[in-house]
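Shown next: my_file.tsv, containing TSV, C-alpha atoms.
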chain	number	residue	atom	x	y	z
H	536	MET	CA	10.71	-136.53	135.87
H	537	ALA	CA	13.88	-136.84	133.83
H	538	GLY	CA	17.38	-136.08	135.08
H	539	MET	CA	18.32	-134.74	138.48
H	540	ALA	CA	15.12	-133.44	139.99
H	541	THR	CA	15.15	-131.31	143.15
H	542	HIS	CA	12.51	-132.03	145.78
H	543	VAL	CA	11.65	-129.95	148.85
H	544	ILE	CA	10.16	-132.29	151.46
H	545	THR	CA	8.50	-131.70	154.83
H	546	GLY	CA	8.02	-134.58	157.28
H	547	ALA	CA	11.10	-136.46	156.01
H	548	GLY	CA	11.94	-137.71	159.49
H	549	SER	CA	9.29	-140.39	159.93
H	550	GLY	CA	6.44	-142.40	158.45
H	551	ILE	CA	5.38	-141.66	154.87
H	552	GLY	CA	7.84	-138.75	154.58
H	553	ALA	CA	10.81	-140.92	155.49
H	554	ALA	CA	9.72	-143.64	153.03
H	555	VAL	CA	9.40	-141.13	150.16
H	556	THR	CA	12.71	-139.48	151.07
H	557	ARG	CA	14.55	-142.84	151.13
H	558	ARG	CA	13.24	-143.71	147.66
H	559	LEU	CA	14.14	-140.35	146.11
H	560	HIS	CA	17.55	-140.38	147.83
H	561	ALA	CA	18.28	-143.90	146.56
H	562	ARG	CA	17.68	-142.87	142.97
H	563	GLY	CA	20.03	-139.91	143.26
H	564	ASP	CA	17.62	-136.98	143.19
H	565	GLU	CA	18.53	-133.70	144.89
H	566	LEU	CA	16.79	-133.32	148.25
H	567	VAL	CA	16.05	-130.26	150.37
H	568	LEU	CA	14.69	-131.57	153.67
H	569	HIS	CA	12.71	-129.30	155.94
H	570	ALA	CA	13.47	-129.51	159.66
H	571	ARG	CA	11.88	-127.67	162.55
H	572	ASP	CA	15.23	-126.84	164.21
H	573	ALA	CA	19.00	-127.11	163.70
H	574	GLY	CA	19.27	-130.34	165.74
H	575	ARG	CA	16.69	-132.08	163.57
H	576	ALA	CA	18.39	-130.73	160.43
H	577	LYS	CA	21.66	-132.31	161.56
H	578	GLN	CA	19.95	-135.70	162.06
H	579	LEU	CA	18.35	-135.57	158.61
H	580	ALA	CA	21.63	-134.57	156.95
H	581	ALA	CA	23.35	-137.55	158.61
H	582	GLU	CA	20.57	-139.93	157.59
H	583	PHE	CA	20.49	-138.74	153.96
H	584	PRO	CA	24.07	-137.89	152.89
H	585	GLY	CA	24.20	-135.16	150.26
H	586	ALA	CA	20.77	-133.77	151.13
H	587	ARG	CA	20.43	-130.09	151.97
H	588	THR	CA	18.29	-128.93	154.88
H	589	LEU	CA	15.92	-126.03	155.41
H	590	VAL	CA	15.09	-124.97	158.97
H	591	GLY	CA	11.80	-123.37	160.02
H	592	ASP	CA	9.02	-124.11	162.50
H	593	LEU	CA	5.77	-125.11	160.72
H	594	ALA	CA	3.91	-124.40	163.97
H	595	ASP	CA	4.82	-120.72	163.51
H	596	PRO	CA	4.09	-119.98	159.82
H	597	ASP	CA	4.43	-116.21	160.34
H	598	LYS	CA	8.16	-116.67	160.89
H	599	LEU	CA	8.91	-119.04	157.99
H	600	SER	CA	9.66	-116.27	155.52
H	601	TRP	CA	12.10	-114.66	157.96
H	602	ALA	CA	13.77	-118.01	158.70
H	603	PHE	CA	14.21	-118.81	155.00
H	604	SER	CA	15.65	-115.36	154.26
H	605	HIS	CA	18.66	-116.32	156.41
H	606	GLN	CA	19.33	-119.59	154.53
H	607	SER	CA	20.33	-120.49	151.00
H	608	LEU	CA	17.29	-121.74	149.09
H	609	PRO	CA	17.41	-124.00	146.04
H	610	ASP	CA	17.32	-122.18	142.68
H	611	ARG	CA	15.42	-125.06	141.15
H	612	VAL	CA	12.42	-126.85	142.66
H	613	ASP	CA	10.81	-129.67	140.66
H	614	SER	CA	8.53	-130.79	143.44
H	615	LEU	CA	7.30	-129.60	146.82
H	616	LEU	CA	6.09	-132.49	148.97
H	617	HIS	CA	3.97	-131.52	151.98
H	618	ILE	CA	4.10	-134.61	154.19
H	619	ALA	CA	4.53	-133.20	157.72
H	620	GLY	CA	1.44	-133.18	159.91
H	621	VAL	CA	0.24	-133.19	163.51
H	622	VAL	CA	-2.84	-134.70	165.08
H	623	ASP	CA	-4.47	-133.95	168.42
H	624	LEU	CA	-7.80	-135.70	168.92
H	625	GLY	CA	-10.55	-134.33	171.11
H	626	ASP	CA	-14.24	-133.52	171.14
H	627	VAL	CA	-15.38	-130.03	170.15
H	628	GLY	CA	-16.49	-129.58	173.75
H	629	ASP	CA	-12.92	-130.12	174.96
H	630	LEU	CA	-10.55	-128.75	172.30
H	631	THR	CA	-8.95	-125.39	173.10
H	632	PRO	CA	-8.03	-122.64	170.62
H	633	LYS	CA	-4.37	-123.60	171.21
H	634	SER	CA	-5.02	-127.12	169.91
H	635	TRP	CA	-7.04	-125.84	166.95
H	636	ARG	CA	-4.37	-123.28	166.10
H	637	HIS	CA	-1.50	-125.75	166.31
H	638	GLN	CA	-3.15	-128.19	163.89
H	639	LEU	CA	-4.29	-125.46	161.50
H	640	ASN	CA	-0.81	-123.89	161.51
H	641	VAL	CA	1.15	-127.09	160.83
H	642	ASN	CA	-1.37	-128.87	158.59
H	643	LEU	CA	-2.74	-125.97	156.54
H	644	ILE	CA	-1.22	-122.50	156.95
H	645	ALA	CA	2.43	-123.63	156.83
H	646	PRO	CA	1.86	-125.64	153.60
H	647	ALA	CA	0.19	-122.54	152.08
H	648	GLU	CA	3.13	-120.36	153.12
H	649	LEU	CA	5.76	-122.86	151.87
H	650	THR	CA	3.91	-123.12	148.57
H	651	ARG	CA	3.79	-119.32	148.23
H	652	HIS	CA	7.52	-119.22	148.90
H	653	PHE	CA	8.50	-121.80	146.28
H	654	LEU	CA	5.94	-121.00	143.56
H	655	PRO	CA	8.39	-118.96	141.44
H	656	GLN	CA	10.79	-121.93	141.27
H	657	LEU	CA	7.94	-124.40	140.70
H	658	ARG	CA	6.57	-122.32	137.83
H	659	ALA	CA	10.02	-122.05	136.25
H	660	ALA	CA	10.50	-125.82	136.42
H	661	GLY	CA	6.93	-126.82	135.49
H	662	GLY	CA	6.98	-128.48	138.88
H	663	HIS	CA	4.64	-130.50	141.07
H	664	VAL	CA	3.08	-129.82	144.48
H	665	ILE	CA	1.96	-132.88	146.41
H	666	PHE	CA	-0.17	-132.54	149.52
H	667	VAL	CA	-0.32	-135.66	151.69
H	668	ASN	CA	-3.79	-135.17	153.08
H	669	SER	CA	-5.76	-137.83	155.01
H	670	GLY	CA	-9.00	-139.78	154.88
H	671	ALA	CA	-10.05	-137.10	157.41
H	672	GLY	CA	-9.73	-134.54	154.61
H	673	LEU	CA	-12.75	-136.16	152.94
H	674	SER	CA	-14.94	-137.01	155.95
H	675	ALA	CA	-14.85	-136.02	159.60
H	676	SER	CA	-15.58	-138.32	162.54
H	677	ALA	CA	-16.34	-137.70	166.21
H	678	GLY	CA	-13.21	-136.59	168.04
H	679	TRP	CA	-11.45	-135.50	164.85
H	680	SER	CA	-12.91	-132.00	164.28
H	681	ALA	CA	-9.76	-129.85	164.41
H	682	TYR	CA	-7.56	-132.29	162.49
H	683	ALA	CA	-10.26	-132.96	159.88
H	684	ALA	CA	-10.91	-129.21	159.52
H	685	SER	CA	-7.21	-128.62	158.83
H	686	LYS	CA	-7.21	-131.42	156.25
H	687	HIS	CA	-10.49	-130.32	154.62
H	688	GLY	CA	-8.80	-126.91	154.36
H	689	LEU	CA	-5.74	-128.54	152.78
H	690	LYS	CA	-7.99	-130.07	150.10
H	691	ALA	CA	-9.39	-126.60	149.36
H	692	LEU	CA	-5.86	-125.17	149.17
H	693	ALA	CA	-4.83	-127.87	146.70
H	694	ASP	CA	-7.97	-127.52	144.57
H	695	SER	CA	-7.60	-123.73	144.29
H	696	LEU	CA	-3.86	-123.93	143.63
H	697	ARG	CA	-4.42	-126.50	140.86
H	698	GLN	CA	-6.77	-124.14	139.01
H	699	GLU	CA	-4.59	-121.07	139.59
H	700	GLU	CA	-1.34	-122.67	138.41
H	701	HIS	CA	-2.52	-125.05	135.69
H	702	ALA	CA	-1.67	-122.59	132.92
H	703	ALA	CA	1.82	-122.19	134.41
H	704	GLY	CA	2.37	-125.95	134.05
H	705	VAL	CA	2.42	-126.66	137.79
H	706	ARG	CA	0.77	-129.96	138.70
H	707	VAL	CA	-1.05	-130.39	142.02
H	708	THR	CA	-1.89	-133.71	143.65
H	709	SER	CA	-3.71	-134.50	146.90
H	710	VAL	CA	-3.09	-137.94	148.39
H	711	TYR	CA	-5.58	-139.23	150.97
H	712	PRO	CA	-4.05	-142.16	152.84
H	713	GLY	CA	-6.14	-144.20	155.23
H	714	ARG	CA	-4.52	-145.23	158.50
H	715	THR	CA	-0.83	-145.82	157.91
H	716	ALA	CA	1.62	-147.61	160.21
H	717	SER	CA	3.65	-144.68	161.54
H	718	PRO	CA	4.58	-142.93	164.80
H	719	MET	CA	1.59	-140.63	164.21
H	720	GLN	CA	-0.73	-143.64	164.05
H	721	ALA	CA	0.72	-145.01	167.29
H	722	LYS	CA	-0.07	-141.64	168.90
H	723	VAL	CA	-3.62	-141.68	167.52
H	724	HIS	CA	-4.22	-145.14	169.01
H	725	GLN	CA	-2.85	-143.92	172.33
H	726	GLN	CA	-5.26	-140.97	172.24
H	727	GLU	CA	-8.12	-143.32	171.33
H	728	GLY	CA	-7.15	-145.68	174.15
H	729	LYS	CA	-6.73	-148.56	171.69
H	730	GLU	CA	-3.97	-151.13	171.28
H	731	TYR	CA	-1.76	-150.39	168.28
H	732	ASP	CA	-0.98	-153.18	165.80
H	733	ALA	CA	1.10	-151.84	162.89
H	734	SER	CA	0.36	-154.92	160.74
H	735	LYS	CA	-3.31	-153.88	160.43
H	736	TRP	CA	-2.54	-150.62	158.66
H	737	ILE	CA	-0.97	-149.46	155.38
H	738	ASP	CA	2.81	-149.71	155.16
H	739	PRO	CA	4.29	-146.21	154.58
H	740	GLU	CA	6.24	-147.75	151.66
H	741	SER	CA	2.94	-148.48	149.88
H	742	VAL	CA	1.85	-144.85	150.20
H	743	ALA	CA	5.33	-143.78	149.02
H	744	THR	CA	4.81	-145.92	145.89
H	745	THR	CA	1.60	-144.04	145.04
H	746	ILE	CA	3.28	-140.65	145.60
H	747	LEU	CA	6.19	-141.55	143.31
H	748	MET	CA	3.74	-142.79	140.68
H	749	ALA	CA	2.02	-139.38	140.66
H	750	LEU	CA	5.39	-137.59	140.64
H	751	ASP	CA	6.83	-139.64	137.78
H	752	LEU	CA	3.86	-139.40	135.40
H	753	PRO	CA	4.70	-137.88	132.01
H	754	GLU	CA	3.83	-134.20	131.73
H	755	ASP	CA	0.71	-134.86	129.65
H	756	ALA	CA	-1.11	-136.20	132.72
H	757	GLU	CA	-1.81	-135.11	136.27
H	758	VAL	CA	-3.20	-137.11	139.18
H	759	ASN	CA	-5.53	-134.74	141.01
H	760	ASP	CA	-6.78	-136.88	143.90
H	761	LEU	CA	-5.52	-140.22	145.07
H	762	THR	CA	-7.20	-142.18	147.86
H	763	VAL	CA	-5.21	-145.03	149.43
H	764	ARG	CA	-7.04	-147.39	151.80
H	765	PRO	CA	-5.84	-150.32	153.91
H	766	GLY	CA	-5.88	-153.44	151.73
H	767	ARG	CA	-6.57	-155.85	154.57

Rendering of file as structure tokens:
Amino acid sequence: MAGMATHVITGAGSGIGAAVTRRLHARGDELVLHARDAGRAKQLAAEFPGARTLVGDLADPDKLSWAFSHQSLPDRVDSLLHIAGVVDLGDVGDLTPKSWRHQLNVNLIAPAELTRHFLPQLRAAGGHVIFVNSGAGLSASAGWSAYAASKHGLKALADSLRQEEHAAGVRVTSVYPGRTASPMQAKVHQQEGKEYDASKWIDPESVATTILMALDLPEDAEVNDLTVRPGR
């Protein structure tokens, strides 16, 4: 991606999202960082000087359009990076509709709504949509039904979008990281009742490297699906 590219990023505050944001910020690209509220937006703006922020609650996708209509949106969008996500483990026999809804809203419906919102700019720029999915988007395990369902859905969203927008020159990539050392992983271990050892899992910087590789490919190529597993 030559010149000053503009990236809209969700999940910039921690884990993989923060690693990707740091790298793009360091090389001088224009950043529009999504935040769930004004307080979080202020933190992100302080952490990444020069970055713009976009406020809206991914847990309430119905209101995103309204929230964005009251803010100035970027005219140009070269990439939309969906990195935010939530996880709430539980057996099918225990999970409530509230838990299902929360994970589906943040992990699937909000990315669809954000994509819909920025498609005109992405088409104009011949841009790139990257969905940070999960190993759970390819296979579901006991205790992971709602999260895995949201991520299987995210794969379907990406696959359909890729076919719909290919002629418009919009590239679509799904990245499926295995367990990555992040606050989310610490929470998963807590829910599983296991001790968390960050050194056993993928460094978010390594996943960021794969995302930037897909982003920076010349326009004659597109990475469709990228699976990243722990190397040790």

| remark: What separates atom CA of Asp732 of chain H and atom CA of Leu593 of chain H is a distance of 29.3 Å

| said: I'd like to know which of H:Ala573, H:Leu630, H:Ile665, H:Val622 is closest to Ile746 of chain H, using only C-alpha atoms. | reply: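 Of H:Ala573, H:Leu630, H:Ile665, H:Val622, the one nearest Ile746 of chain H is H:Ile665, counting only C-alpha atoms.
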
| query | Which distance in Å separates atom CA of Arg714 of chain H and atom CA of Leu639 of chain H, to one decimal? | reply |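 A separation of 20.0 Å between them.
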
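Taking atom CA of Gln606 of chain H and atom CA of Gly563 of chain H as endpoints, the distance between them is 23.2 Å.
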
3 Å per side around segment 659-675 of chain H: axis-aligned box centre and edge lengths, as AutoDock Vina command-line options:
--center_x -2.2 --center_y -130.9 --center_z 147.5 --size_x 31.4 --size_y 23.7 --size_z 30.1

| request: List the neighbours of Leu624 of chain H out to 12 Å using only C-alpha atoms; skip same-chain residues closer than 3 positions along the sequence, and give me the result as an MDAnalysis selection string. | output: chainID H and resid 621 627:631 634:635 638 671 675:684 719:720 722:728

| request: Please identify all polymer residues within 9 Å of Thr556 of chain H, counting all atoms listed in the file, omitting same-chain residues fewer than 2 positions from it, and present them as a list in words. | output: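 The neighbour list is Ile544, Ala547, Gly548, Ile551, Gly552, Ala553, Ala554, Arg558, Leu559, His560, Ala561, Leu566, Leu568, Phe583 and Ala743 of chain H.
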
Filtering to C-alpha atoms, could you give me those residues as a tab-separated table (two decimals), in the frame of the given file?
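Writing done, so here's part10.tsv:
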chain	number	residue	atom	x	y	z
H	544	ILE	CA	10.16	-132.29	151.46
H	547	ALA	CA	11.10	-136.46	156.01
H	548	GLY	CA	11.94	-137.71	159.49
H	551	ILE	CA	5.38	-141.66	154.87
H	552	GLY	CA	7.84	-138.75	154.58
H	553	ALA	CA	10.81	-140.92	155.49
H	554	ALA	CA	9.72	-143.64	153.03
H	558	ARG	CA	13.24	-143.71	147.66
H	559	LEU	CA	14.14	-140.35	146.11
H	560	HIS	CA	17.55	-140.38	147.83
H	561	ALA	CA	18.28	-143.90	146.56
H	566	LEU	CA	16.79	-133.32	148.25
H	568	LEU	CA	14.69	-131.57	153.67
H	583	PHE	CA	20.49	-138.74	153.96
H	743	ALA	CA	5.33	-143.78	149.02

Interface rows for segment 580-684 of chain H against segment 688-712 of chain H: nearest pair, Å to one decimal, 9 Å, all atoms listed in the file, as a tab-separated table:
residue	atom	partner	partner_atom	distance
H:Leu639	CA	H:Gly688	CA	8.6
H:Asn642	CA	H:Leu689	CA	7.3
H:Leu643	CA	H:Leu689	CA	5.5
H:Ile644	CA	H:Leu689	CA	8.6
H:Pro646	CA	H:Leu689	CA	8.2
H:Ala647	CA	H:Leu692	CA	7.2
H:Leu654	CA	H:Val705	CA	8.8
H:Leu657	CA	H:Val705	CA	6.6
H:Arg658	CA	H:Ala703	CA	5.9
H:Ala659	CA	H:Ala703	CA	8.4
H:Ala660	CA	H:Val705	CA	8.2
H:Gly661	CA	H:Gly704	CA	4.9
H:Gly662	CA	H:Val705	CA	5.0
H:His663	CA	H:Arg706	CA	4.6
H:Val664	CA	H:Val707	CA	4.8
H:Ile665	CA	H:Thr708	CA	4.8
H:Phe666	CA	H:Ser709	CA	4.8
H:Val667	CA	H:Val710	CA	4.9
H:Asn668	CA	H:Tyr711	CA	4.9
H:Ser669	CA	H:Tyr711	CA	4.3
H:Gly670	CA	H:Tyr711	CA	5.2
H:Ala671	CA	H:Tyr711	CA	8.1
H:Gly672	CA	H:Lys690	CA	6.6
H:Leu673	CA	H:Tyr711	CA	8.0
H:Ala683	CA	H:Gly688	CA	8.3
H:Ala684	CA	H:Gly688	CA	6.0

| Looking at only C-alpha atoms, which of H:Asp597, H:Val555, H:Pro609, H:Asp564 is the one that sits closest to Thr745 of chain H? | H:Val555

| note | With distances taken over only C-alpha atoms, the candidate from H:Val763, H:Leu649, H:Ala756, H:Leu616 nearest Ser741 of chain H is H:Val763

| query | Between H:Ser685, H:His542, H:Phe603, H:Ser549, which has the minimum distance to Glu740 of chain H (counting all atoms listed in the file)? | reply | H:Ser549

| message | Considering all atoms listed in the file, can you say which of H:Asp751, H:Lys686, H:Asn759, H:Ala540 comes closest to Ser674 of chain H? | response |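 Once distances to Ser674 of chain H are computed over all atoms listed in the file, the minimum belongs to H:Lys686.
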